[in-house]
>>> print(open('data38.txt').read())   # compact mmCIF, C-alpha atoms
# COMPACT_ATOMS: atom_id res chain seq x y z
CA MET A 30 -36.30 -25.02 194.89
CA LYS A 31 -39.16 -22.57 194.32
CA ARG A 32 -40.45 -21.66 190.88
CA VAL A 33 -39.84 -18.13 189.62
CA VAL A 34 -41.96 -16.19 187.14
CA VAL A 35 -41.86 -12.79 185.43
CA THR A 36 -44.76 -10.56 186.43
CA GLY A 37 -43.53 -7.14 185.32
CA VAL A 38 -41.46 -5.72 182.45
CA GLY A 39 -39.93 -2.25 182.37
CA ILE A 40 -38.15 -1.03 179.24
CA VAL A 41 -36.59 2.28 178.27
CA SER A 42 -34.87 2.18 174.88
CA PRO A 43 -34.25 4.03 171.61
CA LEU A 44 -37.44 2.34 170.36
CA GLY A 45 -39.51 3.96 173.10
CA ILE A 46 -40.34 3.99 176.78
CA GLY A 47 -42.55 1.20 178.11
CA ALA A 48 -42.79 -2.45 177.11
CA LYS A 49 -45.85 -1.95 174.87
CA THR A 50 -44.31 0.85 172.79
CA TYR A 51 -40.98 -0.96 172.57
CA TRP A 52 -42.55 -4.22 171.45
CA GLU A 53 -44.75 -2.64 168.78
CA ASN A 54 -41.84 -0.68 167.32
CA LEU A 55 -39.53 -3.68 167.44
CA LEU A 56 -41.97 -5.92 165.56
CA SER A 57 -42.66 -3.24 162.95
CA GLY A 58 -38.95 -3.07 162.12
CA GLN A 59 -38.33 0.46 163.31
CA ILE A 60 -34.69 1.37 163.95
CA GLY A 61 -33.76 3.61 166.87
CA ILE A 62 -30.29 4.52 165.60
CA LYS A 63 -29.85 8.12 164.39
CA ARG A 64 -27.28 10.91 164.39
CA ILE A 65 -26.31 11.71 167.98
CA THR A 66 -27.99 14.83 169.40
CA ALA A 67 -26.82 14.65 173.04
CA PHE A 68 -23.55 16.32 172.01
CA ASP A 69 -21.80 17.36 168.81
CA PRO A 70 -20.40 14.07 167.44
CA GLY A 71 -18.51 15.71 164.57
CA GLY A 72 -15.09 14.82 165.96
CA PHE A 73 -15.86 11.10 166.17
CA SER A 74 -15.55 8.51 163.43
CA CYS A 75 -18.98 7.10 164.36
CA GLN A 76 -21.52 9.91 164.73
CA ILE A 77 -24.65 7.82 165.24
CA GLY A 78 -26.18 6.13 168.26
CA GLY A 79 -29.34 4.89 169.90
CA GLU A 80 -30.80 7.67 172.05
CA VAL A 81 -33.82 7.30 174.33
CA PRO A 82 -36.74 9.61 173.42
CA ALA A 83 -37.04 12.82 175.46
CA TYR A 84 -38.43 12.43 178.98
CA LYS A 85 -38.78 14.32 182.26
CA ILE A 86 -37.32 12.33 185.13
CA GLY A 87 -39.65 14.09 187.55
CA ASP A 88 -42.56 12.23 185.94
CA TYR A 89 -41.13 8.90 187.17
CA VAL A 90 -40.45 9.64 190.84
CA PRO A 91 -42.67 10.73 193.73
CA LYS A 92 -42.98 14.50 194.12
CA SER A 93 -41.16 14.30 197.45
CA TYR A 94 -38.15 12.67 195.74
CA ARG A 95 -37.65 15.11 192.86
CA LYS A 96 -34.86 16.98 194.64
CA ALA A 97 -32.79 13.77 194.58
CA THR A 98 -32.90 13.70 190.77
CA LYS A 99 -30.20 16.43 190.83
CA VAL A 100 -27.67 13.75 191.75
CA MET A 101 -28.79 11.24 189.12
CA ALA A 102 -26.51 10.58 186.17
CA ARG A 103 -28.24 9.55 182.94
CA ASP A 104 -27.66 5.85 183.72
CA ILE A 105 -29.46 6.22 187.06
CA GLU A 106 -32.40 8.00 185.44
CA LEU A 107 -32.79 5.16 182.93
CA ALA A 108 -32.90 2.59 185.74
CA VAL A 109 -35.42 4.63 187.72
CA ILE A 110 -37.69 4.96 184.66
CA ALA A 111 -37.46 1.23 183.84
CA ALA A 112 -38.25 0.39 187.49
CA ASP A 113 -41.32 2.63 187.46
CA GLU A 114 -42.52 0.96 184.26
CA ALA A 115 -41.92 -2.51 185.73
CA PHE A 116 -43.78 -1.82 188.99
CA ARG A 117 -46.77 -0.35 187.20
CA ASP A 118 -46.80 -3.22 184.71
CA ALA A 119 -46.76 -5.76 187.55
CA GLY A 120 -49.66 -4.02 189.29
CA LEU A 121 -47.62 -3.53 192.47
CA LYS A 122 -48.19 -0.51 194.71
CA SER A 123 -44.88 0.31 196.33
CA LYS A 124 -43.96 3.21 198.58
CA ALA A 125 -43.59 5.31 195.45
CA TYR A 126 -47.33 5.28 194.81
CA THR A 127 -49.09 4.96 198.15
CA GLU A 128 -48.69 5.38 201.91
CA THR A 129 -50.03 1.84 202.32
CA PRO A 130 -47.92 -0.37 199.99
CA ASP A 131 -49.26 -3.79 199.04
CA ILE A 132 -45.75 -5.28 199.04
CA ASP A 133 -43.57 -6.45 201.92
CA GLY A 134 -40.42 -4.43 201.28
CA SER A 135 -38.32 -6.75 203.46
CA ARG A 136 -39.10 -9.59 201.04
CA PHE A 137 -38.41 -7.59 197.87
CA GLY A 138 -34.89 -7.83 196.41
CA CYS A 139 -33.09 -5.64 193.90
CA ASN A 140 -30.25 -6.66 191.55
CA ILE A 141 -29.31 -4.10 188.92
CA GLY A 142 -26.40 -4.28 186.51
CA ALA A 143 -24.47 -1.10 185.76
CA GLY A 144 -21.58 0.04 183.60
CA LEU A 145 -18.80 2.55 183.95
CA ILE A 146 -20.80 5.78 184.33
CA SER A 147 -19.14 8.54 182.32
CA ALA A 148 -18.75 11.95 183.93
CA GLU A 149 -20.38 14.93 182.24
CA LEU A 150 -17.65 17.01 180.67
CA ASP A 151 -19.24 20.37 181.48
CA GLU A 152 -18.88 19.54 185.17
CA LEU A 153 -15.24 18.53 184.86
CA THR A 154 -13.89 21.19 182.51
CA ALA A 155 -14.34 24.13 184.90
CA ALA A 156 -12.60 22.22 187.66
CA MET A 157 -9.78 21.10 185.34
CA ASN A 158 -9.32 24.65 184.06
CA THR A 159 -8.71 25.80 187.63
CA ALA A 160 -5.99 23.15 187.99
CA ARG A 161 -4.12 23.99 184.78
CA ASP A 162 -0.47 24.86 184.63
CA GLY A 163 -0.35 26.13 181.07
CA ASN A 164 -1.65 23.22 178.97
CA VAL A 165 -0.80 20.62 181.61
CA LEU A 166 -3.07 19.40 184.40
CA ASP A 167 -1.30 20.04 187.71
CA LEU A 168 -2.34 17.21 190.03
CA LYS A 169 -1.47 19.20 193.15
CA LYS A 170 -3.72 22.02 192.00
CA TRP A 171 -6.37 19.46 191.07
CA GLY A 172 -6.39 18.04 194.60
CA GLY A 173 -6.24 21.40 196.31
CA GLU A 174 -8.27 23.70 194.04
CA GLY A 175 -9.78 21.79 191.14
CA MET A 176 -11.90 19.34 193.10
CA ALA A 177 -13.19 22.20 195.23
CA GLN A 178 -15.09 23.37 192.12
CA LEU A 179 -17.20 20.20 192.15
CA THR A 180 -20.34 19.89 194.25
CA PRO A 181 -19.77 17.84 197.45
CA LEU A 182 -22.31 15.31 196.17
CA TRP A 183 -20.68 15.03 192.73
CA LEU A 184 -19.43 11.46 193.20
CA LEU A 185 -22.93 10.22 194.09
CA LYS A 186 -23.94 10.72 190.46
CA TYR A 187 -21.30 8.32 189.18
CA LEU A 188 -21.17 5.36 191.58
CA PRO A 189 -22.50 2.22 189.82
CA ASN A 190 -24.43 1.11 192.92
CA MET A 191 -26.55 4.28 192.73
CA LEU A 192 -28.90 2.69 190.19
CA ALA A 193 -30.03 0.12 192.74
CA CYS A 194 -29.73 2.66 195.55
CA HIS A 195 -32.31 5.06 194.09
CA VAL A 196 -34.67 2.30 192.97
CA THR A 197 -34.71 0.70 196.43
CA ILE A 198 -35.24 4.02 198.23
CA ILE A 199 -38.01 5.17 195.89
CA HIS A 200 -39.93 1.90 196.17
CA GLY A 201 -39.08 0.97 199.76
CA LEU A 202 -37.26 -2.28 198.98
CA MET A 203 -35.27 -3.83 201.82
CA GLY A 204 -34.63 -7.38 200.59
CA PRO A 205 -31.38 -8.84 199.20
CA SER A 206 -29.70 -6.28 196.94
CA ASN A 207 -26.58 -6.20 194.78
CA THR A 208 -24.98 -4.27 191.93
CA ILE A 209 -23.12 -6.16 189.22
CA THR A 210 -20.66 -4.33 186.98
CA CYS A 211 -19.53 -6.78 184.32
CA ALA A 212 -20.07 -4.58 181.25
CA ASP A 213 -22.38 -6.16 178.64
CA ALA A 214 -23.10 -9.21 180.81
CA SER A 215 -24.21 -7.17 183.84
CA SER A 216 -27.98 -7.38 183.26
CA HIS A 217 -28.09 -11.13 182.69
CA LEU A 218 -25.87 -11.81 185.69
CA ALA A 219 -28.06 -9.57 187.86
CA ILE A 220 -31.22 -11.38 186.73
CA GLY A 221 -29.53 -14.72 187.36
CA GLU A 222 -28.52 -13.77 190.90
CA ALA A 223 -32.04 -12.57 191.71
CA PHE A 224 -33.39 -15.82 190.26
CA ARG A 225 -31.25 -17.89 192.62
CA LYS A 226 -32.34 -15.88 195.66
CA LEU A 227 -35.99 -16.42 194.88
CA GLN A 228 -35.42 -20.10 194.18
CA ARG A 229 -33.90 -20.44 197.66
CA GLY A 230 -36.80 -18.58 199.28
CA LYS A 231 -34.70 -15.58 200.37
CA ALA A 232 -37.27 -13.19 198.86
CA ASP A 233 -40.75 -13.27 197.35
CA TYR A 234 -39.96 -10.91 194.52
CA ALA A 235 -37.06 -8.96 193.02
CA ILE A 236 -36.54 -6.25 190.47
CA CYS A 237 -33.54 -7.04 188.29
CA GLY A 238 -31.80 -6.26 185.02
CA GLY A 239 -29.65 -3.27 184.15
CA ALA A 240 -29.27 0.14 182.54
CA GLU A 241 -26.51 2.20 180.96
CA SER A 242 -25.91 5.20 178.70
CA ARG A 243 -22.97 5.47 176.33
CA MET A 244 -24.40 8.63 174.77
CA ASN A 245 -21.65 10.97 175.90
CA PRO A 246 -18.18 11.79 174.55
CA MET A 247 -16.37 9.70 177.17
CA GLY A 248 -18.53 6.68 176.47
CA ILE A 249 -17.99 6.88 172.71
CA VAL A 250 -14.27 7.64 172.70
CA ARG A 251 -13.49 4.47 174.70
CA GLN A 252 -15.21 2.32 172.10
CA GLN A 253 -13.54 4.19 169.23
CA LEU A 254 -10.12 3.51 170.76
CA LEU A 255 -11.06 -0.18 171.02
CA ASN A 256 -12.12 -0.20 167.33
CA ARG A 257 -15.54 -1.59 168.21
CA ILE A 258 -17.76 1.05 166.58
CA ASN A 259 -18.81 1.32 162.94
CA PRO A 260 -17.45 4.46 161.21
CA SER A 261 -18.92 3.73 157.79
CA TYR A 262 -22.66 4.37 158.06
CA ASN A 263 -23.05 7.91 159.39
CA ASP A 264 -25.21 8.77 156.37
CA CYS A 265 -27.43 5.67 156.63
CA PRO A 266 -27.68 4.71 160.33
CA GLN A 267 -30.54 2.28 159.71
CA GLU A 268 -28.03 -0.04 157.99
CA ALA A 269 -25.11 0.35 160.41
CA VAL A 270 -25.49 -2.65 162.73
CA ARG A 271 -25.36 -5.95 160.83
CA PRO A 272 -25.01 -8.83 163.31
CA PHE A 273 -23.39 -11.97 161.88
CA ASP A 274 -23.57 -10.51 158.37
CA THR A 275 -20.71 -10.67 155.87
CA ASP A 276 -20.94 -6.85 155.59
CA ALA A 277 -20.69 -6.25 159.34
CA ALA A 278 -18.25 -3.41 160.12
CA GLY A 279 -18.73 -2.68 163.81
CA THR A 280 -21.41 -1.94 166.34
CA VAL A 281 -23.23 1.25 167.34
CA TYR A 282 -23.67 2.22 170.98
CA GLY A 283 -26.71 3.66 172.64
CA GLU A 284 -28.53 3.83 175.93
CA GLY A 285 -31.38 2.13 177.68
CA GLY A 286 -32.44 -0.25 180.36
CA GLY A 287 -34.50 -3.37 180.90
CA LEU A 288 -35.79 -4.45 184.32
CA LEU A 289 -37.92 -7.47 185.17
CA ILE A 290 -40.06 -8.12 188.22
CA LEU A 291 -39.37 -11.71 189.22
CA GLU A 292 -41.80 -13.30 191.64
CA GLU A 293 -42.13 -16.62 193.38
CA TYR A 294 -44.78 -18.57 191.46
CA GLU A 295 -47.18 -19.39 194.30
CA HIS A 296 -46.95 -15.82 195.59
CA ALA A 297 -47.76 -14.44 192.13
CA LYS A 298 -50.63 -16.89 191.68
CA ALA A 299 -52.10 -16.01 195.07
CA ARG A 300 -52.33 -12.31 194.22
CA GLY A 301 -53.71 -13.00 190.74
CA ALA A 302 -50.71 -11.50 188.99
CA LYS A 303 -50.29 -11.41 185.23
CA ILE A 304 -47.54 -13.91 184.40
CA TYR A 305 -45.45 -13.38 181.28
CA ALA A 306 -43.24 -16.46 181.51
CA GLU A 307 -41.30 -18.65 183.90
CA LEU A 308 -37.54 -18.25 184.32
CA VAL A 309 -36.30 -21.83 184.33
CA GLY A 310 -32.57 -21.71 183.63
CA PHE A 311 -29.49 -19.59 184.26
CA ALA A 312 -25.76 -20.14 183.91
CA ALA A 313 -22.63 -18.05 183.75
CA SER A 314 -19.07 -18.73 182.68
CA GLN A 315 -15.73 -16.97 182.37
CA ASP A 316 -12.89 -17.24 179.88
CA SER A 317 -9.37 -15.92 180.35
CA TYR A 318 -8.45 -15.25 176.74
CA SER A 319 -8.04 -11.45 176.69
CA VAL A 320 -9.21 -8.24 178.31
CA THR A 321 -9.96 -6.59 174.96
CA GLU A 322 -10.62 -9.44 172.50
CA PRO A 323 -13.11 -12.33 172.46
CA ASP A 324 -12.00 -15.95 172.66
CA PRO A 325 -12.23 -17.03 168.98
CA SER A 326 -13.35 -20.52 169.97
CA GLY A 327 -16.42 -19.23 171.82
CA HIS A 328 -15.96 -22.22 174.15
CA SER A 329 -16.87 -20.54 177.45
CA TYR A 330 -19.71 -18.59 175.88
CA GLY A 331 -21.19 -21.81 174.52
CA LYS A 332 -20.71 -23.46 177.91
CA ALA A 333 -22.93 -20.84 179.57
CA ILE A 334 -25.70 -21.66 177.09
CA GLU A 335 -25.26 -25.41 177.56
CA ASN A 336 -25.37 -25.10 181.34
CA ALA A 337 -28.40 -22.78 181.29
CA LEU A 338 -30.30 -25.38 179.25
CA LYS A 339 -29.13 -28.09 181.64
CA ASP A 340 -30.31 -25.97 184.58
CA ALA A 341 -33.69 -25.68 182.87
CA LYS A 342 -33.77 -29.45 182.23
CA LEU A 343 -34.17 -28.71 178.54
CA SER A 344 -32.16 -29.27 175.36
CA ALA A 345 -31.49 -27.17 172.28
CA HIS A 346 -34.25 -29.12 170.55
CA ASP A 347 -36.78 -27.49 172.93
CA LEU A 348 -35.91 -23.90 172.00
CA ASP A 349 -38.28 -21.77 169.93
CA LEU A 350 -36.31 -18.51 170.00
CA LEU A 351 -32.72 -17.33 170.33
CA ILE A 352 -31.84 -13.75 171.29
CA PRO A 353 -28.05 -13.70 170.77
CA HIS A 354 -25.68 -10.92 171.77
CA GLY A 355 -25.08 -10.09 168.07
CA LEU A 356 -22.96 -6.93 168.10
CA GLY A 357 -22.07 -6.70 164.42
CA ILE A 358 -18.31 -6.66 165.09
CA PRO A 359 -16.85 -9.31 162.75
CA ALA A 360 -14.36 -10.92 165.16
CA TYR A 361 -16.90 -10.93 167.99
CA ASP A 362 -19.68 -12.31 165.78
CA LYS A 363 -17.40 -15.10 164.56
CA ALA A 364 -16.52 -16.07 168.13
CA GLU A 365 -20.18 -15.97 169.16
CA LEU A 366 -21.22 -18.14 166.22
CA ASN A 367 -18.59 -20.68 167.23
CA GLY A 368 -20.02 -20.72 170.75
CA LEU A 369 -23.60 -20.99 169.50
CA THR A 370 -22.66 -23.84 167.16
CA LYS A 371 -20.93 -25.65 170.00
CA ALA A 372 -23.92 -25.30 172.33
CA LEU A 373 -26.86 -25.72 169.93
CA LYS A 374 -25.27 -27.88 167.20
CA ASP A 375 -27.65 -28.73 164.34
CA ASP A 376 -30.55 -27.00 166.10
CA LEU A 377 -28.91 -23.60 165.53
CA ALA A 378 -30.14 -23.59 161.93
CA ARG A 379 -33.69 -24.42 163.08
CA ILE A 380 -34.19 -22.06 166.04
CA PRO A 381 -35.63 -18.66 165.02
CA CYS A 382 -33.02 -16.00 165.76
CA ALA A 383 -33.72 -12.31 166.46
CA THR A 384 -30.71 -9.98 166.19
CA ILE A 385 -32.34 -6.98 167.86
CA LYS A 386 -29.30 -4.67 168.24
CA THR A 387 -29.79 -3.66 164.61
CA GLN A 388 -32.83 -1.77 165.90
CA THR A 389 -31.96 -0.94 169.50
CA SER A 390 -28.22 -0.24 169.24
CA HIS A 391 -25.90 -1.77 171.81
CA MET A 392 -26.92 -0.69 175.32
CA ALA A 393 -24.10 -2.53 177.13
CA ALA A 394 -25.23 -3.05 180.76
CA GLY A 395 -28.70 -2.11 179.56
CA SER A 396 -28.92 -5.44 177.71
CA GLY A 397 -31.62 -6.48 180.14
CA VAL A 398 -33.76 -5.34 177.21
CA ASP A 399 -32.59 -8.51 175.43
CA ALA A 400 -33.94 -10.69 178.24
CA ALA A 401 -37.16 -8.68 178.32
CA THR A 402 -37.53 -9.27 174.56
CA ALA A 403 -37.41 -13.03 175.11
CA VAL A 404 -40.14 -12.70 177.76
CA LEU A 405 -42.35 -10.55 175.51
CA ALA A 406 -41.94 -12.99 172.63
CA ILE A 407 -43.30 -15.80 174.78
CA ALA A 408 -46.18 -13.70 176.09
CA ASN A 409 -47.19 -12.38 172.66
CA GLY A 410 -46.40 -15.32 170.40
CA ALA A 411 -44.14 -13.45 167.98
CA ILE A 412 -40.54 -13.55 166.73
CA PRO A 413 -38.87 -10.14 166.33
CA PRO A 414 -37.15 -9.50 162.98
CA ALA A 415 -33.48 -9.71 162.13
CA VAL A 416 -33.49 -6.61 159.95
CA ASN A 417 -29.89 -6.43 158.73
CA THR A 418 -28.75 -10.04 159.06
CA LYS A 419 -28.95 -11.19 155.46
CA ASN A 420 -25.78 -13.03 154.43
CA VAL A 421 -24.56 -14.93 157.47
CA ALA A 422 -20.85 -15.63 157.64
CA GLY A 423 -19.76 -19.00 159.02
CA ALA A 424 -23.03 -20.70 160.00
CA LYS A 425 -26.65 -20.99 159.03
CA LEU A 426 -29.12 -18.95 161.09
CA ASN A 427 -32.91 -18.98 160.98
CA VAL A 428 -33.50 -15.26 160.46
CA SER A 429 -36.24 -13.18 158.87
CA ALA A 430 -36.21 -9.52 157.89
CA THR A 431 -39.79 -9.21 159.15
CA ALA A 432 -41.53 -10.30 162.35
CA ARG A 433 -43.08 -13.76 162.49
CA GLN A 434 -46.29 -14.59 164.33
CA GLN A 435 -45.83 -18.01 165.90
CA SER A 436 -45.97 -19.72 169.26
CA VAL A 437 -42.88 -19.30 171.44
CA LYS A 438 -42.85 -21.75 174.33
CA THR A 439 -39.17 -21.55 175.22
CA ALA A 440 -36.64 -18.77 174.59
CA ILE A 441 -33.00 -18.17 175.47
CA SER A 442 -31.14 -14.87 175.73
CA SER A 443 -27.34 -14.97 175.91
CA THR A 444 -24.64 -12.35 176.33
CA TYR A 445 -20.90 -11.84 176.79
CA SER A 446 -18.62 -8.95 177.70
CA LEU A 447 -15.08 -7.71 177.27
CA GLY A 448 -13.10 -9.51 179.95
CA GLY A 449 -14.80 -12.82 179.26
CA GLN A 450 -17.97 -12.88 181.38
CA ASN A 451 -20.74 -14.91 179.75
CA ALA A 452 -24.34 -15.49 180.83
CA ALA A 453 -27.50 -17.10 179.52
CA LEU A 454 -31.15 -17.08 180.65
CA VAL A 455 -33.87 -19.54 179.64
CA PHE A 456 -37.56 -18.57 179.81
CA LYS A 457 -40.55 -20.82 179.31
CA ALA A 458 -44.27 -20.36 178.78
CA ILE A 459 -46.38 -21.30 181.80
>>> encode(input="data38.txt", output="structure tokens")
Amino acid sequence: MKRVVVTGVGIVSPLGIGAKTYWENLLSGQIGIKRITAFDPGGFSCQIGGEVPAYKIGDYVPKSYRKATKVMARDIELAVIAADEAFRDAGLKSKAYTETPDIDGSRFGCNIGAGLISAELDELTAAMNTARDGNVLDLKKWGGEGMAQLTPLWLLKYLPNMLACHVTIIHGLMGPSNTITCADASSHLAIGEAFRKLQRGKADYAICGGAESRMNPMGIVRQQLLNRINPSYNDCPQEAVRPFDTDAAGTVYGEGGGLLILEEYEHAKARGAKIYAELVGFAASQDSYSVTEPDPSGHSYGKAIENALKDAKLSAHDLDLLIPHGLGIPAYDKAELNGLTKALKDDLARIPCATIKTQTSHMAAGSGVDAATAVLAIANGAIPPAVNTKNVAGAKLNVSATARQQSVKTAISSTYSLGGQNAALVFKAI
């Protein structure tokens, strides 16, 4: 099995665009959660979210490709931006930057996690109005007249595979590719699949992770109906997300994406690449408890962590950093703590823990940012803060309200999703 390292990091988040800006703002304790500006949130119980700073998508694609940005939903744009950041960070000249790329596209894979892309309401309302029969939507009219109001390419904006599709076309990637849509676990599962392909020698490098935006009415209303969002902190958004805290009252959604360039170690060494860390362990698991509620025991979630450590030939005693999922939803946090306790046992109280969603919001399939944070911690020798995790309910966690400068040789990032998918990634200094 070949060794696999991280040679590029691309981040787009409410804390900024680019790994450097993100990392500096994360360590300084900045919080990217504010009142939503993408639409009027007045009708929602939770009116705050994590929005990505303003950008122009045309700045992140070749001039010849700008016409294609018209069929990019927000989720796709986030993935394209994160990919551009990752390629530039890795020092790789793809088709996007030159007529003579320095990569072999046939040996470059792409695995990007995606969520349920929400349609833009201004596109749908005109079509639905055409299909009205009084105040009722007439499905016959919708099929015959309503849909005719939509552009023929409308669906291409909302297919989850379009994130990977645009990234591979822009950069000329023709290696193994896949899209994983497992909600919050999508990014970690995508990174894990790319990891296995490189281990088996099916590619020399891969871009992997995920992106998603919940900053639209459809994205928010789903979470409100599921009672997952926090309605109590609209006036003080910086205090809204409180992972594992006794005052936790729900999570806050946002948008973003995190993509890593994975590369076979000898290949990276031969080209003199900057190496952030080595990816040494991955595991996934599934529970069958409920479609809408977490398994209170956290058994399967803990099993993914145990098996990722086993895959890495390490134990909990070797870990220097834990990036948990940490949503700030009491029932979910309790289940996660049970899983963490099962997997890490007494070491859970020792391992520094960074609950970053306090600052980033919850980016769902964009949680590749969590994995990227583990990588940056190893490369920079620092532990991000746990800003709002003060009074932990149910277990002892090693948290600090401010960043800590210390060596990080091994880090784990773990995640879970509604429906029971769990995944964990272990990174190690090289």
>>> closest_atom_pairs(input="data38.txt", of="range 368-395 of chain A", to="range 283-288 of chain A", cutoff="10 Å", atoms="all atoms listed in the file", output="JSON lines")
{"residue": "A:Lys386", "atom": "CA", "partner": "A:Gly283", "partner_atom": "CA", "distance": 9.8}
{"residue": "A:Thr389", "atom": "CA", "partner": "A:Gly283", "partner_atom": "CA", "distance": 7.7}
{"residue": "A:Ser390", "atom": "CA", "partner": "A:Gly283", "partner_atom": "CA", "distance": 5.4}
{"residue": "A:His391", "atom": "CA", "partner": "A:Gly283", "partner_atom": "CA", "distance": 5.6}
{"residue": "A:Met392", "atom": "CA", "partner": "A:Glu284", "partner_atom": "CA", "distance": 4.8}
{"residue": "A:Ala393", "atom": "CA", "partner": "A:Glu284", "partner_atom": "CA", "distance": 7.8}
{"residue": "A:Ala394", "atom": "CA", "partner": "A:Gly286", "partner_atom": "CA", "distance": 7.7}
{"residue": "A:Gly395", "atom": "CA", "partner": "A:Gly286", "partner_atom": "CA", "distance": 4.3}
>>> residues_around(input="data38.txt", residues="Leu185 in chain A", least_positions_apart="3", cutoff="7 Å", atoms="all atoms listed in the file", output="PyMOL selection string")
chain A and resi 100+182+188
>>> closest_residue(input="data38.txt", among="A:Thr431, A:Asn259, A:Ser436, A:Thr321", to="Gly448 in chain A", atoms="all atoms listed in the file")
A:Thr321
>>> closest_residue(input="data38.txt", among="A:Ala97, A:Ile249, A:Ile209, A:Ala378", to="Ala67 in chain A", atoms="all atoms listed in the file")
A:Ile249
>>> residues_around(input="data38.txt", residues="Gln315 in chain A", least_positions_apart="3", cutoff="9 Å", atoms="all atoms listed in the file", output="NGL selection string")
:A and (329-330 or 333 or 448-452)
>>> residues_near_point(input="data38.txt", point="(-43.0, -4.3, 198.8)", cutoff="10 Å", atoms="all atoms listed in the file", output="PDB file with C-alpha atoms, keeping the file's coordinate frame")
ATOM      1  CA  LEU A 121     -47.620  -3.530 192.470  1.00  0.00           C
ATOM      2  CA  LYS A 122     -48.190  -0.510 194.710  1.00  0.00           C
ATOM      3  CA  SER A 123     -44.880   0.310 196.330  1.00  0.00           C
ATOM      4  CA  LYS A 124     -43.960   3.210 198.580  1.00  0.00           C
ATOM      5  CA  THR A 129     -50.030   1.840 202.320  1.00  0.00           C
ATOM      6  CA  PRO A 130     -47.920  -0.370 199.990  1.00  0.00           C
ATOM      7  CA  ASP A 131     -49.260  -3.790 199.040  1.00  0.00           C
ATOM      8  CA  ILE A 132     -45.750  -5.280 199.040  1.00  0.00           C
ATOM      9  CA  ASP A 133     -43.570  -6.450 201.920  1.00  0.00           C
ATOM     10  CA  GLY A 134     -40.420  -4.430 201.280  1.00  0.00           C
ATOM     11  CA  SER A 135     -38.320  -6.750 203.460  1.00  0.00           C
ATOM     12  CA  ARG A 136     -39.100  -9.590 201.040  1.00  0.00           C
ATOM     13  CA  PHE A 137     -38.410  -7.590 197.870  1.00  0.00           C
ATOM     14  CA  GLY A 138     -34.890  -7.830 196.410  1.00  0.00           C
ATOM     15  CA  THR A 197     -34.710   0.700 196.430  1.00  0.00           C
ATOM     16  CA  HIS A 200     -39.930   1.900 196.170  1.00  0.00           C
ATOM     17  CA  GLY A 201     -39.080   0.970 199.760  1.00  0.00           C
ATOM     18  CA  LEU A 202     -37.260  -2.280 198.980  1.00  0.00           C
ATOM     19  CA  MET A 203     -35.270  -3.830 201.820  1.00  0.00           C
ATOM     20  CA  GLY A 204     -34.630  -7.380 200.590  1.00  0.00           C
ATOM     21  CA  ASP A 233     -40.750 -13.270 197.350  1.00  0.00           C
ATOM     22  CA  TYR A 234     -39.960 -10.910 194.520  1.00  0.00           C
ATOM     23  CA  ALA A 235     -37.060  -8.960 193.020  1.00  0.00           C
TER      24      ALA A 235
END
>>> residues_around(input="data38.txt", residues="Arg271 in chain A", least_positions_apart="2", cutoff="7 Å", atoms="all atoms listed in the file", output="list in words")
Ala269, Phe273, Asp274, Asp276, Ala277, Gly357, Thr387, Asn417 and Thr418 of chain A
>>> residues_around(input="data38.txt", residues="range 106-114 of chain A", least_positions_apart="6", cutoff="8 Å", atoms="only C-alpha atoms", output="PDB file with C-alpha atoms, in the coordinates of the input")
ATOM      1  CA  VAL A  38     -41.460  -5.720 182.450  1.00  0.00           C
ATOM      2  CA  GLY A  39     -39.930  -2.250 182.370  1.00  0.00           C
ATOM      3  CA  ILE A  40     -38.150  -1.030 179.240  1.00  0.00           C
ATOM      4  CA  VAL A  41     -36.590   2.280 178.270  1.00  0.00           C
ATOM      5  CA  GLY A  47     -42.550   1.200 178.110  1.00  0.00           C
ATOM      6  CA  ALA A  48     -42.790  -2.450 177.110  1.00  0.00           C
ATOM      7  CA  ILE A  86     -37.320  12.330 185.130  1.00  0.00           C
ATOM      8  CA  TYR A  89     -41.130   8.900 187.170  1.00  0.00           C
ATOM      9  CA  VAL A  90     -40.450   9.640 190.840  1.00  0.00           C
ATOM     10  CA  THR A  98     -32.900  13.700 190.770  1.00  0.00           C
ATOM     11  CA  LEU A 192     -28.900   2.690 190.190  1.00  0.00           C
ATOM     12  CA  ALA A 193     -30.030   0.120 192.740  1.00  0.00           C
ATOM     13  CA  HIS A 195     -32.310   5.060 194.090  1.00  0.00           C
ATOM     14  CA  VAL A 196     -34.670   2.300 192.970  1.00  0.00           C
ATOM     15  CA  ILE A 236     -36.540  -6.250 190.470  1.00  0.00           C
ATOM     16  CA  GLY A 239     -29.650  -3.270 184.150  1.00  0.00           C
ATOM     17  CA  ALA A 240     -29.270   0.140 182.540  1.00  0.00           C
ATOM     18  CA  GLU A 241     -26.510   2.200 180.960  1.00  0.00           C
ATOM     19  CA  GLY A 285     -31.380   2.130 177.680  1.00  0.00           C
ATOM     20  CA  GLY A 286     -32.440  -0.250 180.360  1.00  0.00           C
ATOM     21  CA  GLY A 287     -34.500  -3.370 180.900  1.00  0.00           C
ATOM     22  CA  LEU A 288     -35.790  -4.450 184.320  1.00  0.00           C
TER      23      LEU A 288
END
>>> atom_distance(input="data38.txt", atom1="CA of Asn263 in chain A", atom2="CA of Ser74 in chain A")
8.5 Å
>>> atom_distance(input="data38.txt", atom1="CA of Ala115 in chain A", atom2="CA of Cys237 in chain A")
9.9 Å
>>> axis_aligned_box(input="data38.txt", around="range 93-96 of chain A", padding_each_side="3 Å", output="JSON")
{"center_x": -38.0, "center_y": 14.8, "center_z": 195.2, "size_x": 12.3, "size_y": 10.3, "size_z": 10.6}
